[in-house]
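Undergrad: structure-v5.pdb (PDB, C-alpha atoms and all ligand atoms) pasted underneath:
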```pdb
ATOM      1  CA  MET V   1      -0.223 -13.172 -27.437
ATOM      2  CA  SER V   2       0.368 -12.090 -23.853
ATOM      3  CA  LEU V   3      -0.225 -14.496 -21.018
ATOM      4  CA  ALA V   4      -3.233 -12.472 -19.929
ATOM      5  CA  GLN V   5      -5.045 -13.011 -23.216
ATOM      6  CA  ARG V   6      -4.963 -16.774 -22.844
ATOM      7  CA  SER V   7      -8.274 -17.913 -21.450
ATOM      8  CA  ASP V   8      -6.888 -20.282 -18.821
ATOM      9  CA  ALA V   9      -5.217 -17.476 -16.879
ATOM     10  CA  VAL V  10      -6.705 -16.454 -13.514
ATOM     11  CA  HIS V  11      -6.976 -12.662 -13.239
ATOM     12  CA  VAL V  12      -6.888 -11.050  -9.781
ATOM     13  CA  ARG V  13      -7.024  -7.335  -9.027
ATOM     14  CA  ALA V  14      -5.645  -5.928  -5.756
ATOM     15  CA  PRO V  15      -5.681  -2.297  -4.569
ATOM     16  CA  GLY V  16      -3.007   0.104  -3.420
ATOM     17  CA  LYS V  17      -3.425   1.706   0.014
ATOM     18  CA  ILE V  18      -3.069   4.955   1.865
ATOM     19  CA  ASN V  19      -2.228   5.074   5.572
ATOM     20  CA  VAL V  20      -4.797   7.563   6.807
ATOM     21  CA  TYR V  21      -3.045   7.395  10.178
ATOM     22  CA  LEU V  22       0.409   5.897  10.810
ATOM     23  CA  GLY V  23       1.823   5.873  14.332
ATOM     24  CA  VAL V  24       5.278   4.268  14.553
ATOM     25  CA  GLY V  25       6.478   2.898  17.891
ATOM     26  CA  ALA V  26       9.622   1.176  19.046
ATOM     27  CA  ARG V  27      11.903  -0.823  16.759
ATOM     28  CA  HIS V  28      12.020  -4.492  17.712
ATOM     29  CA  ASP V  29      14.978  -6.863  17.427
ATOM     30  CA  ASP V  30      13.676  -8.255  14.110
ATOM     31  CA  GLY V  31      14.035  -4.756  12.611
ATOM     32  CA  TYR V  32      10.296  -4.147  12.430
ATOM     33  CA  HIS V  33       8.570  -1.298  14.255
ATOM     34  CA  ALA V  34       5.385  -1.528  16.287
ATOM     35  CA  LEU V  35       2.613   0.263  14.398
ATOM     36  CA  ALA V  36      -0.827   1.661  15.038
ATOM     37  CA  THR V  37      -2.166   2.441  11.611
ATOM     38  CA  VAL V  38      -5.367   2.873   9.640
ATOM     39  CA  PHE V  39      -5.236   1.638   6.064
ATOM     40  CA  GLN V  40      -7.650   2.582   3.347
ATOM     41  CA  ALA V  41      -7.646   0.693   0.026
ATOM     42  CA  VAL V  42      -7.995   3.072  -2.931
ATOM     43  CA  SER V  43      -8.987   2.705  -6.568
ATOM     44  CA  LEU V  44      -5.500   2.277  -7.982
ATOM     45  CA  TYR V  45      -4.855  -1.365  -8.796
ATOM     46  CA  GLU V  46      -2.372  -4.060  -9.545
ATOM     47  CA  ASP V  47      -3.665  -6.646 -12.035
ATOM     48  CA  VAL V  48      -2.082 -10.060 -11.711
ATOM     49  CA  PHE V  49      -2.592 -12.887 -14.214
ATOM     50  CA  ALA V  50      -1.595 -16.402 -13.205
ATOM     51  CA  HIS V  51      -1.177 -18.954 -15.960
ATOM     52  CA  PRO V  52      -0.413 -22.635 -15.541
ATOM     53  CA  ALA V  53       3.239 -23.462 -16.128
ATOM     54  CA  ALA V  54       5.750 -26.111 -15.139
ATOM     55  CA  ASP V  55       8.160 -23.570 -13.606
ATOM     56  CA  PHE V  56       7.886 -20.270 -11.741
ATOM     57  CA  SER V  57       8.363 -16.993 -13.621
ATOM     58  CA  VAL V  58       7.180 -13.391 -13.497
ATOM     59  CA  THR V  59       6.895 -10.656 -16.108
ATOM     60  CA  VAL V  60       6.129  -7.016 -15.328
ATOM     61  CA  ARG V  61       4.257  -4.454 -17.407
ATOM     62  CA  GLY V  62       3.205  -0.878 -16.764
ATOM     63  CA  ALA V  63       6.011   0.169 -14.395
ATOM     64  CA  ALA V  64       7.446   3.608 -15.171
ATOM     65  CA  ASP V  65      10.914   2.070 -14.760
ATOM     66  CA  PRO V  66      10.676  -1.689 -15.482
ATOM     67  CA  ALA V  67      14.182  -2.263 -14.087
ATOM     68  CA  SER V  68      12.917  -1.129 -10.656
ATOM     69  CA  VAL V  69      10.820  -4.300 -10.278
ATOM     70  CA  PRO V  70      12.902  -7.446  -9.759
ATOM     71  CA  THR V  71      11.836 -10.605 -11.591
ATOM     72  CA  ASP V  72      14.016 -12.939  -9.535
ATOM     73  CA  ASP V  73      13.347 -14.321  -6.055
ATOM     74  CA  ARG V  74      13.199 -10.794  -4.608
ATOM     75  CA  ASN V  75       9.852 -10.371  -6.395
ATOM     76  CA  LEU V  76       7.150 -10.583  -3.726
ATOM     77  CA  ALA V  77       4.502 -12.052  -6.053
ATOM     78  CA  LEU V  78       6.866 -14.845  -7.065
ATOM     79  CA  ARG V  79       7.689 -15.472  -3.395
ATOM     80  CA  ALA V  80       3.969 -15.602  -2.644
ATOM     81  CA  ALA V  81       3.368 -18.228  -5.333
ATOM     82  CA  LYS V  82       6.307 -20.345  -4.147
ATOM     83  CA  LEU V  83       5.246 -20.089  -0.513
ATOM     84  CA  LEU V  84       1.721 -21.238  -1.364
ATOM     85  CA  ALA V  85       3.084 -24.170  -3.402
ATOM     86  CA  GLU V  86       5.401 -25.194  -0.562
ATOM     87  CA  GLU V  87       2.692 -24.964   2.072
ATOM     88  CA  THR V  88       0.165 -26.966   0.081
ATOM     89  CA  GLY V  89       2.517 -29.482  -1.557
ATOM     90  CA  VAL V  90       1.541 -28.353  -5.065
ATOM     91  CA  SER V  91       4.178 -29.402  -7.592
ATOM     92  CA  ASP V  92       2.953 -27.145 -10.440
ATOM     93  CA  GLY V  93       4.553 -23.848 -11.318
ATOM     94  CA  VAL V  94       2.957 -20.601 -12.487
ATOM     95  CA  ALA V  95       3.757 -17.868 -14.972
ATOM     96  CA  LEU V  96       2.769 -14.592 -13.320
ATOM     97  CA  GLU V  97       2.140 -11.432 -15.296
ATOM     98  CA  LEU V  98       1.964  -8.227 -13.258
ATOM     99  CA  ARG V  99       0.309  -5.117 -14.689
ATOM    100  CA  LYS V 100       1.298  -2.313 -12.415
ATOM    101  CA  GLY V 101      -1.077   0.539 -11.691
ATOM    102  CA  VAL V 102       0.295   1.431  -8.244
ATOM    103  CA  PRO V 103       3.554   3.432  -8.212
ATOM    104  CA  VAL V 104       6.663   1.303  -7.618
ATOM    105  CA  ALA V 105       8.360   2.042  -4.252
ATOM    106  CA  GLY V 106       5.750   4.763  -3.756
ATOM    107  CA  GLY V 107       4.541   4.012  -0.223
ATOM    108  CA  MET V 108       1.217   2.632  -1.463
ATOM    109  CA  GLY V 109       1.863  -1.079  -1.018
ATOM    110  CA  GLY V 110       2.096  -1.978  -4.725
ATOM    111  CA  GLY V 111       4.450  -4.913  -4.144
ATOM    112  CA  SER V 112       2.241  -6.101  -1.277
ATOM    113  CA  ALA V 113      -0.804  -5.914  -3.565
ATOM    114  CA  ASP V 114       1.055  -8.075  -6.111
ATOM    115  CA  ALA V 115       1.776 -10.658  -3.413
ATOM    116  CA  ALA V 116      -1.827 -10.696  -2.172
ATOM    117  CA  ALA V 117      -3.123 -11.015  -5.740
ATOM    118  CA  ALA V 118      -0.644 -13.812  -6.509
ATOM    119  CA  LEU V 119      -1.814 -15.752  -3.437
ATOM    120  CA  VAL V 120      -5.477 -15.484  -4.448
ATOM    121  CA  ALA V 121      -4.722 -16.240  -8.126
ATOM    122  CA  CYS V 122      -2.565 -19.319  -7.435
ATOM    123  CA  ASP V 123      -5.022 -20.578  -4.812
ATOM    124  CA  ALA V 124      -7.700 -20.533  -7.541
ATOM    125  CA  LEU V 125      -5.417 -21.828 -10.304
ATOM    126  CA  TRP V 126      -4.197 -24.791  -8.263
ATOM    127  CA  GLY V 127      -7.549 -25.430  -6.569
ATOM    128  CA  THR V 128      -5.908 -25.370  -3.138
ATOM    129  CA  ASP V 129      -8.879 -23.491  -1.694
ATOM    130  CA  LEU V 130      -7.095 -22.337   1.469
ATOM    131  CA  GLY V 131      -9.778 -19.992   2.752
ATOM    132  CA  THR V 132      -9.339 -16.522   4.208
ATOM    133  CA  THR V 133      -7.673 -17.391   7.521
ATOM    134  CA  ARG V 134      -4.871 -19.487   6.034
ATOM    135  CA  LEU V 135      -4.313 -17.035   3.171
ATOM    136  CA  HIS V 136      -3.971 -14.231   5.724
ATOM    137  CA  ALA V 137      -1.401 -16.237   7.693
ATOM    138  CA  LEU V 138       0.680 -16.747   4.529
ATOM    139  CA  ALA V 139       0.245 -13.076   3.618
ATOM    140  CA  ALA V 140       1.651 -11.969   6.990
ATOM    141  CA  ARG V 141       4.770 -14.093   6.389
ATOM    142  CA  LEU V 142       5.408 -12.265   3.101
ATOM    143  CA  GLY V 143       5.265  -8.689   4.396
ATOM    144  CA  ALA V 144       3.588  -6.386   6.874
ATOM    145  CA  ASP V 145       1.205  -4.806   4.315
ATOM    146  CA  VAL V 146       0.232  -7.976   2.451
ATOM    147  CA  PRO V 147      -2.691  -8.976   4.747
ATOM    148  CA  PHE V 148      -4.294  -5.580   4.195
ATOM    149  CA  ALA V 149      -4.072  -5.913   0.401
ATOM    150  CA  LEU V 150      -6.052  -9.146   0.765
ATOM    151  CA  HIS V 151      -8.536  -7.560   3.125
ATOM    152  CA  GLY V 152      -9.130  -4.164   1.472
ATOM    153  CA  GLY V 153     -11.701  -1.637   2.692
ATOM    154  CA  THR V 154     -10.619   0.361   5.730
ATOM    155  CA  ALA V 155      -8.875  -1.358   8.630
ATOM    156  CA  VAL V 156      -6.817  -0.720  11.743
ATOM    157  CA  GLY V 157      -3.425  -2.450  11.649
ATOM    158  CA  THR V 158      -1.394  -3.211  14.774
ATOM    159  CA  GLY V 159       1.679  -5.338  15.453
ATOM    160  CA  ARG V 160       3.848  -4.829  12.369
ATOM    161  CA  GLY V 161       0.699  -3.544  10.616
ATOM    162  CA  ASP V 162      -0.349  -7.099   9.823
ATOM    163  CA  ARG V 163      -2.875  -7.616  12.653
ATOM    164  CA  LEU V 164      -6.060  -6.239  11.182
ATOM    165  CA  THR V 165      -9.374  -5.124  12.609
ATOM    166  CA  PRO V 166     -11.962  -3.877  10.103
ATOM    167  CA  ALA V 167     -12.945  -0.237  10.611
ATOM    168  CA  LEU V 168     -16.324   1.096   9.591
ATOM    169  CA  ALA V 169     -16.097   3.732   6.888
ATOM    170  CA  ARG V 170     -19.282   5.216   5.495
ATOM    171  CA  GLY V 171     -19.501   6.652   1.991
ATOM    172  CA  ARG V 172     -16.528   7.499  -0.115
ATOM    173  CA  PHE V 173     -13.393   9.541   0.399
ATOM    174  CA  ASP V 174     -11.820  11.391  -2.530
ATOM    175  CA  TRP V 175      -8.051  11.547  -2.723
ATOM    176  CA  VAL V 176      -5.631  13.174  -5.136
ATOM    177  CA  LEU V 177      -2.315  11.364  -5.315
ATOM    178  CA  VAL V 178       0.887  13.018  -6.441
ATOM    179  CA  THR V 179       3.400  10.421  -7.555
ATOM    180  CA  SER V 180       7.164  10.756  -7.954
ATOM    181  CA  GLU V 181       9.258   9.250 -10.718
ATOM    182  CA  GLN V 182      11.888   8.214  -8.217
ATOM    183  CA  GLY V 183      10.722   5.792  -5.474
ATOM    184  CA  LEU V 184      11.865   5.726  -1.835
ATOM    185  CA  SER V 185      13.128   2.641  -0.020
ATOM    186  CA  THR V 186      10.877   1.743   2.926
ATOM    187  CA  PRO V 187      13.762   0.437   5.107
ATOM    188  CA  ASP V 188      15.689   3.684   4.391
ATOM    189  CA  VAL V 189      12.773   5.820   5.567
ATOM    190  CA  TYR V 190      12.299   3.774   8.759
ATOM    191  CA  GLY V 191      16.078   3.956   9.307
ATOM    192  CA  ARG V 192      16.002   7.732   8.923
ATOM    193  CA  LEU V 193      13.173   7.945  11.492
ATOM    194  CA  ASP V 194      15.252   5.861  13.942
ATOM    195  CA  ARG V 195      18.209   8.206  13.536
ATOM    196  CA  MET V 196      16.013  11.285  13.941
ATOM    197  CA  ARG V 197      14.560   9.816  17.136
ATOM    198  CA  GLU V 198      17.948   8.901  18.567
ATOM    199  CA  GLY V 199      18.772  12.568  18.646
ATOM    200  CA  SER V 200      15.489  13.654  20.201
ATOM    201  CA  ALA V 201      13.812  13.480  23.587
ATOM    202  CA  LEU V 202      11.363  10.959  22.138
ATOM    203  CA  ALA V 203      13.928   8.195  22.573
ATOM    204  CA  ASP V 204      13.615   8.574  26.351
ATOM    205  CA  ASP V 205       9.850   8.416  26.293
ATOM    206  CA  GLU V 206       9.470   4.709  25.449
ATOM    207  CA  PRO V 207       7.069   3.088  25.140
ATOM    208  CA  LEU V 208       5.576   5.459  22.588
ATOM    209  CA  SER V 209       1.850   5.766  22.928
ATOM    210  CA  LEU V 210       0.453   3.703  20.083
ATOM    211  CA  ASP V 211      -3.260   4.091  19.740
ATOM    212  CA  VAL V 212      -5.241   5.199  16.750
ATOM    213  CA  PRO V 213      -7.019   8.341  18.024
ATOM    214  CA  VAL V 214     -10.742   7.875  18.412
ATOM    215  CA  GLY V 215     -11.321  10.992  16.277
ATOM    216  CA  VAL V 216      -9.849   9.201  13.248
ATOM    217  CA  LEU V 217     -12.223   6.261  13.650
ATOM    218  CA  GLN V 218     -15.212   8.536  14.276
ATOM    219  CA  ALA V 219     -14.514  10.610  11.161
ATOM    220  CA  LEU V 220     -14.210   7.462   9.038
ATOM    221  CA  ARG V 221     -17.386   6.013  10.520
ATOM    222  CA  ALA V 222     -19.249   9.239   9.773
ATOM    223  CA  GLY V 223     -17.836   9.458   6.225
ATOM    224  CA  ASP V 224     -16.760  12.986   7.170
ATOM    225  CA  ALA V 225     -13.704  14.169   5.217
ATOM    226  CA  GLN V 226     -13.774  17.587   6.940
ATOM    227  CA  ALA V 227     -13.445  15.888  10.332
ATOM    228  CA  LEU V 228     -10.829  13.399   9.110
ATOM    229  CA  ALA V 229      -8.444  15.982   7.648
ATOM    230  CA  PRO V 230      -7.208  17.552  10.919
ATOM    231  CA  VAL V 231      -6.615  14.189  12.643
ATOM    232  CA  MET V 232      -4.649  12.487   9.863
ATOM    233  CA  MET V 233      -1.012  11.880  10.803
ATOM    234  CA  ASN V 234       2.037   9.985   9.599
ATOM    235  CA  ASP V 235       5.066   9.459  11.855
ATOM    236  CA  LEU V 236       7.140   8.587   8.761
ATOM    237  CA  GLU V 237       6.401  11.923   7.123
ATOM    238  CA  ALA V 238       9.306  13.885   8.628
ATOM    239  CA  ALA V 239      11.711  11.087   7.661
ATOM    240  CA  ALA V 240      10.365  10.899   4.100
ATOM    241  CA  VAL V 241      10.620  14.684   3.760
ATOM    242  CA  ALA V 242      14.190  14.569   5.125
ATOM    243  CA  GLU V 243      15.016  12.079   2.332
ATOM    244  CA  ARG V 244      13.129  14.172  -0.264
ATOM    245  CA  PRO V 245      12.857  17.822   0.843
ATOM    246  CA  GLU V 246      10.831  18.908  -2.210
ATOM    247  CA  LEU V 247       7.848  16.911  -0.868
ATOM    248  CA  ASP V 248       7.175  19.723   1.607
ATOM    249  CA  LEU V 249       6.639  22.193  -1.233
ATOM    250  CA  VAL V 250       4.206  19.877  -3.003
ATOM    251  CA  LEU V 251       2.277  19.325   0.257
ATOM    252  CA  ALA V 252       1.827  23.101   0.526
ATOM    253  CA  ASP V 253       0.825  23.358  -3.161
ATOM    254  CA  GLY V 254      -1.904  20.736  -2.742
ATOM    255  CA  VAL V 255      -3.458  22.549   0.199
ATOM    256  CA  ARG V 256      -3.230  25.834  -1.694
ATOM    257  CA  ALA V 257      -5.022  24.128  -4.593
ATOM    258  CA  GLY V 258      -7.966  23.360  -2.283
ATOM    259  CA  ALA V 259      -7.233  20.006  -0.629
ATOM    260  CA  LEU V 260      -8.430  19.658   2.983
ATOM    261  CA  THR V 261      -4.998  18.313   3.899
ATOM    262  CA  GLY V 262      -2.065  16.424   2.445
ATOM    263  CA  ILE V 263      -0.012  13.590   3.874
ATOM    264  CA  VAL V 264       2.895  11.395   2.816
ATOM    265  CA  SER V 265       1.474   7.974   1.955
ATOM    266  CA  GLY V 266       3.198   5.311   4.077
ATOM    267  CA  SER V 267       6.957   5.660   3.602
ATOM    268  CA  GLY V 268       6.431   7.922   0.557
ATOM    269  CA  PRO V 269       7.211   9.531  -1.752
ATOM    270  CA  THR V 270       3.578   9.434  -2.993
ATOM    271  CA  LEU V 271       1.541  12.253  -1.446
ATOM    272  CA  ALA V 272      -2.152  11.804  -0.687
ATOM    273  CA  PHE V 273      -4.435  14.848  -0.581
ATOM    274  CA  LEU V 274      -7.829  14.438   1.022
ATOM    275  CA  CYS V 275     -10.533  16.445  -0.781
ATOM    276  CA  ALA V 276     -14.067  17.470   0.184
ATOM    277  CA  GLY V 277     -15.634  15.487  -2.689
ATOM    278  CA  PRO V 278     -15.236  14.485  -6.344
ATOM    279  CA  GLU V 279     -15.594  18.046  -7.683
ATOM    280  CA  ALA V 280     -13.020  19.455  -5.276
ATOM    281  CA  ALA V 281     -10.677  16.586  -6.125
ATOM    282  CA  ARG V 282     -10.896  17.320  -9.849
ATOM    283  CA  THR V 283     -10.007  20.960  -9.186
ATOM    284  CA  VAL V 284      -7.034  19.998  -6.998
ATOM    285  CA  GLN V 285      -5.892  17.482  -9.604
ATOM    286  CA  GLU V 286      -6.037  20.079 -12.393
ATOM    287  CA  GLU V 287      -4.244  22.756 -10.365
ATOM    288  CA  LEU V 288      -1.456  20.356  -9.441
ATOM    289  CA  ARG V 289      -1.111  19.232 -13.054
ATOM    290  CA  VAL V 290      -0.686  22.858 -14.094
ATOM    291  CA  THR V 291       2.358  22.959 -11.808
ATOM    292  CA  GLY V 292       3.772  20.030 -13.789
ATOM    293  CA  ARG V 293       2.986  17.263 -11.311
ATOM    294  CA  GLU V 294       1.534  13.849 -12.037
ATOM    295  CA  ALA V 295      -1.751  13.898 -10.065
ATOM    296  CA  LEU V 296      -4.313  11.074  -9.948
ATOM    297  CA  HIS V 297      -7.847  11.225  -8.571
ATOM    298  CA  VAL V 298      -8.805   8.044  -6.699
ATOM    299  CA  HIS V 299     -11.389   7.085  -4.102
ATOM    300  CA  GLY V 300     -11.637   4.722  -1.185
ATOM    301  CA  PRO V 301     -12.473   2.428   0.372
ATOM    302  CA  VAL V 302     -12.449  -0.316  -2.277
ATOM    303  CA  ALA V 303     -12.359  -4.122  -1.991
ATOM    304  CA  GLY V 304      -9.220  -6.191  -1.409
ATOM    305  CA  ALA V 305      -7.720  -8.794  -3.784
ATOM    306  CA  ARG V 306     -10.535 -10.235  -5.946
ATOM    307  CA  ILE V 307     -10.815 -12.613  -8.877
ATOM    308  CA  ILE V 308     -12.035 -10.768 -11.976
ATOM    309  CA  GLY V 309     -14.351 -12.349 -14.497
TER     310      GLY V 309
HETATM  311  O1  LIG V 401       7.164  -6.095   5.566
HETATM  312  P1  LIG V 401       7.723  -5.260   4.455
HETATM  313  O2  LIG V 401       8.659  -6.062   3.574
HETATM  314  O3  LIG V 401       6.725  -4.506   3.688
HETATM  315  O4  LIG V 401       8.640  -4.175   5.189
HETATM  316  C1  LIG V 401       9.672  -3.506   4.496
HETATM  317  C2  LIG V 401      10.593  -2.866   5.513
HETATM  318  O5  LIG V 401       9.931  -1.787   6.173
HETATM  319  C3  LIG V 401      11.078  -3.758   6.619
HETATM  320  O6  LIG V 401      12.220  -4.499   6.239
HETATM  321  C4  LIG V 401      11.411  -2.748   7.720
HETATM  322  O7  LIG V 401      12.646  -2.132   7.449
HETATM  323  C5  LIG V 401      10.340  -1.688   7.518
HETATM  324  N1  LIG V 401       9.175  -1.891   8.405
HETATM  325  C6  LIG V 401       9.306  -1.637   9.753
HETATM  326  N2  LIG V 401       8.240  -1.834  10.573
HETATM  327  C7  LIG V 401       7.048  -2.251  10.099
HETATM  328  C8  LIG V 401       6.876  -2.488   8.715
HETATM  329  C9  LIG V 401       7.971  -2.306   7.893
HETATM  330  O8  LIG V 401      10.388  -1.241  10.213
HETATM  331  N3  LIG V 401       6.023  -2.444  10.937
END
```
Would it be possible to restate this file's structure as structure tokens?

TA:
Amino acid sequence: MSLAQRSDAVHVRAPGKINVYLGVGARHDDGYHALATVFQAVSLYEDVFAHPAADFSVTVRGAADPASVPTDDRNLALRAAKLLAEETGVSDGVALELRKGVPVAGGMGGGSADAAAALVACDALWGTDLGTTRLHALAARLGADVPFALHGGTAVGTGRGDRLTPALARGRFDWVLVTSEQGLSTPDVYGRLDRMREGSALADDEPLSLDVPVGVLQALRAGDAQALAPVMMNDLEAAAVAERPELDLVLADGVRAGALTGIVSGSGPTLAFLCAGPEAARTVQEELRVTGREALHVHGPVAGARIIG
């Protein structure tokens, strides 16, 4: 019997994300870059089951390459559980079971979703009842994208991406995601961007202007995919494509298949194609599958980390 089937487990589901807009500014001394980003949570989920245990452990299911997800202290969900225990003085452990639906190292915040889900699950399991504000503070200590995985919906992220302001988004946006078997390392992609900028005039133009364009927020507020497509942007895209040149070809294929536009999701290599609606998305998905690509149809915005059942 798996941990999840035992009735005393707490089950939390947390979404993956797309950065609809990702402006990257200067690199700070702590290695993090200033961001102006818009996240949207999409219907691709991590399911985390937390079961009472004396010690801390984590098992992983559903990853294309299980070896790519560490189960030692590098695992962000395990770190989240330990951080919560430390902060609250809980002496119990937890056995975490992660069922991965978000691509590993795909630029969609799968590891961050695991951490957010683990926080919510352990908070319920241990009865620590921290409340949203304190959970968000712990989330921000675990990683820049973790607060958004708690929050969900559509939100503007500033600072390292962890300072969130909810953004209004009407209706639903249809996305086709093209995943890659081989993930990309987020620090590598940021590092590549730094090197690309060193050699360009941009380096002299500090501080980089870091505002989310009003057109992005208006298009989201209006639920208007046609208006959103031309204003989507990702400063990490050129760096991700430099690491993985074939992404450029797939971006062109998606647009040829009928997507309004395509963008690298976060640090990649997942590509996100915005479509005019569900029908258009199904067509794009089928056309991309014919070319041998793994294409998934998802929608956003969806809720953040939530207890199920
Ligand atoms: O916070 P998280 O662990 O998700 O970040 C992974 C890496 O991505 C960081 O170590 C850093 O190299 C890069 N990063 C960054 N600036 C940000 C967010 C992430 O440089 N705002």

Undergrad: List as a ChimeraX atom specification the protein and nucleic acid residues lying within 6 Å of ligand LIG 401 (chain V), with all atoms listed in the file counted.

TA: /V:31-35,143-145,160-161,186-187,190

Undergrad: Can you give me, as a PyMOL selection string, the residues this file yields under the PyMOL selection byres (((chain V and resi 106) around 7) and not hetatm)?

TA: chain V and resi 103-105+107-108+183-184+268-270

Undergrad: I'd like the residues picked by the PyMOL selection byres (((chain V and resi 49) around 7) and not hetatm) written out as a list in words, using the chain letters and numbers from the file.

TA: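 Applying the PyMOL selection byres (((chain V and resi 49) around 7) and not hetatm) to the structure shown produces Ala4, Ala9, Val10, His11, Val12, Asp47, Val48, Ala50, His51, Leu96, Glu97 and Leu98 of chain V.
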
Undergrad: Can you write out the residues you just picked, keeping C-alpha atoms, as a PDB file, keeping the file's coordinate frame?

TA:
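Saved file again00.pdb follows:
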```pdb
ATOM      1  CA  ALA V   4      -3.233 -12.472 -19.929  1.00  0.00           C
ATOM      2  CA  ALA V   9      -5.217 -17.476 -16.879  1.00  0.00           C
ATOM      3  CA  VAL V  10      -6.705 -16.454 -13.514  1.00  0.00           C
ATOM      4  CA  HIS V  11      -6.976 -12.662 -13.239  1.00  0.00           C
ATOM      5  CA  VAL V  12      -6.888 -11.050  -9.781  1.00  0.00           C
ATOM      6  CA  ASP V  47      -3.665  -6.646 -12.035  1.00  0.00           C
ATOM      7  CA  VAL V  48      -2.082 -10.060 -11.711  1.00  0.00           C
ATOM      8  CA  ALA V  50      -1.595 -16.402 -13.205  1.00  0.00           C
ATOM      9  CA  HIS V  51      -1.177 -18.954 -15.960  1.00  0.00           C
ATOM     10  CA  LEU V  96       2.769 -14.592 -13.320  1.00  0.00           C
ATOM     11  CA  GLU V  97       2.140 -11.432 -15.296  1.00  0.00           C
ATOM     12  CA  LEU V  98       1.964  -8.227 -13.258  1.00  0.00           C
TER      13      LEU V  98
END
```

Undergrad: I would like the residues chosen by the PyMOL selection byres (((chain V and resi 218) around 12) and not hetatm) on the shown file; could you give them as a ChimeraX atom specification?

TA: /V:167-170,212-217,219-228,231

Undergrad: Between atom CA of Val38 of chain V and atom CA of Arg79 of chain V, what is the spacing in Å?

TA: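 We find that atom CA of Arg79 of chain V and atom CA of Val38 of chain V lie 26.0 Å from each other.
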
Undergrad: Nearest to Leu271 of chain V among V:Leu138, V:Leu83, V:Leu296, V:Ala26, with distances taken over all atoms listed in the file: which residue is it?

TA: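 Of V:Leu138, V:Leu83, V:Leu296, V:Ala26, the one nearest Leu271 of chain V is V:Leu296, counting all atoms listed in the file.
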
Undergrad: Give me, please, the distance in Å between atom CA of Gly152 of chain V and atom CA of Gly277 of chain V, quoted to one decimal.

TA: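 Atom CA of Gly277 of chain V lies at a distance of 21.1 Å from atom CA of Gly152 of chain V.
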
Undergrad: Go through V:Arg293, V:Arg141, V:Arg13, V:His28 one by one, measure the shortest atom-to-atom distance of each to Lys100 of chain V using all atoms listed in the file, and give the residue with the smallest value.

TA: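 The shortest atom-to-atom distance to Lys100 of chain V comes from V:Arg13.
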
Undergrad: Rounded to one decimal in Å, what is the spacing between atom CA of Leu177 of chain V and atom CA of Ala295 of chain V?

TA: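 Atom CA of Ala295 of chain V lies at a distance of 5.4 Å from atom CA of Leu177 of chain V.
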
Undergrad: Using all atoms listed in the file for the distances, tell me which of V:Pro15, V:Gly191, V:Gly292, V:Gly111 is nearest to Val178 of chain V.

TA: V:Gly292

Undergrad: Place N, CA and C atoms on segment 112-123 of chain V and deliver the coordinates as a PDB file, in the frame of the given file.

TA:
```
ATOM      1  N   SER V 112       3.090  -5.298  -2.172  1.00  0.00           N
ATOM      2  CA  SER V 112       2.241  -6.101  -1.277  1.00  0.00           C
ATOM      3  C   SER V 112       0.950  -6.505  -1.984  1.00  0.00           C
ATOM      4  N   ALA V 113       0.408  -5.594  -2.792  1.00  0.00           N
ATOM      5  CA  ALA V 113      -0.804  -5.914  -3.565  1.00  0.00           C
ATOM      6  C   ALA V 113      -0.507  -7.035  -4.566  1.00  0.00           C
ATOM      7  N   ASP V 114       0.669  -6.993  -5.187  1.00  0.00           N
ATOM      8  CA  ASP V 114       1.055  -8.075  -6.111  1.00  0.00           C
ATOM      9  C   ASP V 114       1.084  -9.409  -5.379  1.00  0.00           C
ATOM     10  N   ALA V 115       1.656  -9.410  -4.179  1.00  0.00           N
ATOM     11  CA  ALA V 115       1.776 -10.658  -3.413  1.00  0.00           C
ATOM     12  C   ALA V 115       0.397 -11.181  -3.021  1.00  0.00           C
ATOM     13  N   ALA V 116      -0.470 -10.286  -2.564  1.00  0.00           N
ATOM     14  CA  ALA V 116      -1.827 -10.696  -2.172  1.00  0.00           C
ATOM     15  C   ALA V 116      -2.569 -11.253  -3.381  1.00  0.00           C
ATOM     16  N   ALA V 117      -2.441 -10.565  -4.518  1.00  0.00           N
ATOM     17  CA  ALA V 117      -3.123 -11.015  -5.740  1.00  0.00           C
ATOM     18  C   ALA V 117      -2.569 -12.364  -6.191  1.00  0.00           C
ATOM     19  N   ALA V 118      -1.258 -12.544  -6.089  1.00  0.00           N
ATOM     20  CA  ALA V 118      -0.644 -13.812  -6.509  1.00  0.00           C
ATOM     21  C   ALA V 118      -1.147 -14.955  -5.631  1.00  0.00           C
ATOM     22  N   LEU V 119      -1.295 -14.709  -4.331  1.00  0.00           N
ATOM     23  CA  LEU V 119      -1.814 -15.752  -3.437  1.00  0.00           C
ATOM     24  C   LEU V 119      -3.221 -16.174  -3.866  1.00  0.00           C
ATOM     25  N   VAL V 120      -4.085 -15.184  -4.084  1.00  0.00           N
ATOM     26  CA  VAL V 120      -5.477 -15.484  -4.448  1.00  0.00           C
ATOM     27  C   VAL V 120      -5.529 -16.169  -5.822  1.00  0.00           C
ATOM     28  N   ALA V 121      -4.703 -15.687  -6.759  1.00  0.00           N
ATOM     29  CA  ALA V 121      -4.722 -16.240  -8.126  1.00  0.00           C
ATOM     30  C   ALA V 121      -4.224 -17.685  -8.132  1.00  0.00           C
ATOM     31  N   CYS V 122      -3.120 -17.955  -7.428  1.00  0.00           N
ATOM     32  CA  CYS V 122      -2.565 -19.319  -7.435  1.00  0.00           C
ATOM     33  C   CYS V 122      -3.465 -20.269  -6.647  1.00  0.00           C
ATOM     34  N   ASP V 123      -4.082 -19.763  -5.593  1.00  0.00           N
ATOM     35  CA  ASP V 123      -5.022 -20.578  -4.812  1.00  0.00           C
ATOM     36  C   ASP V 123      -6.171 -21.056  -5.712  1.00  0.00           C
TER      37      ASP V 123
END
```
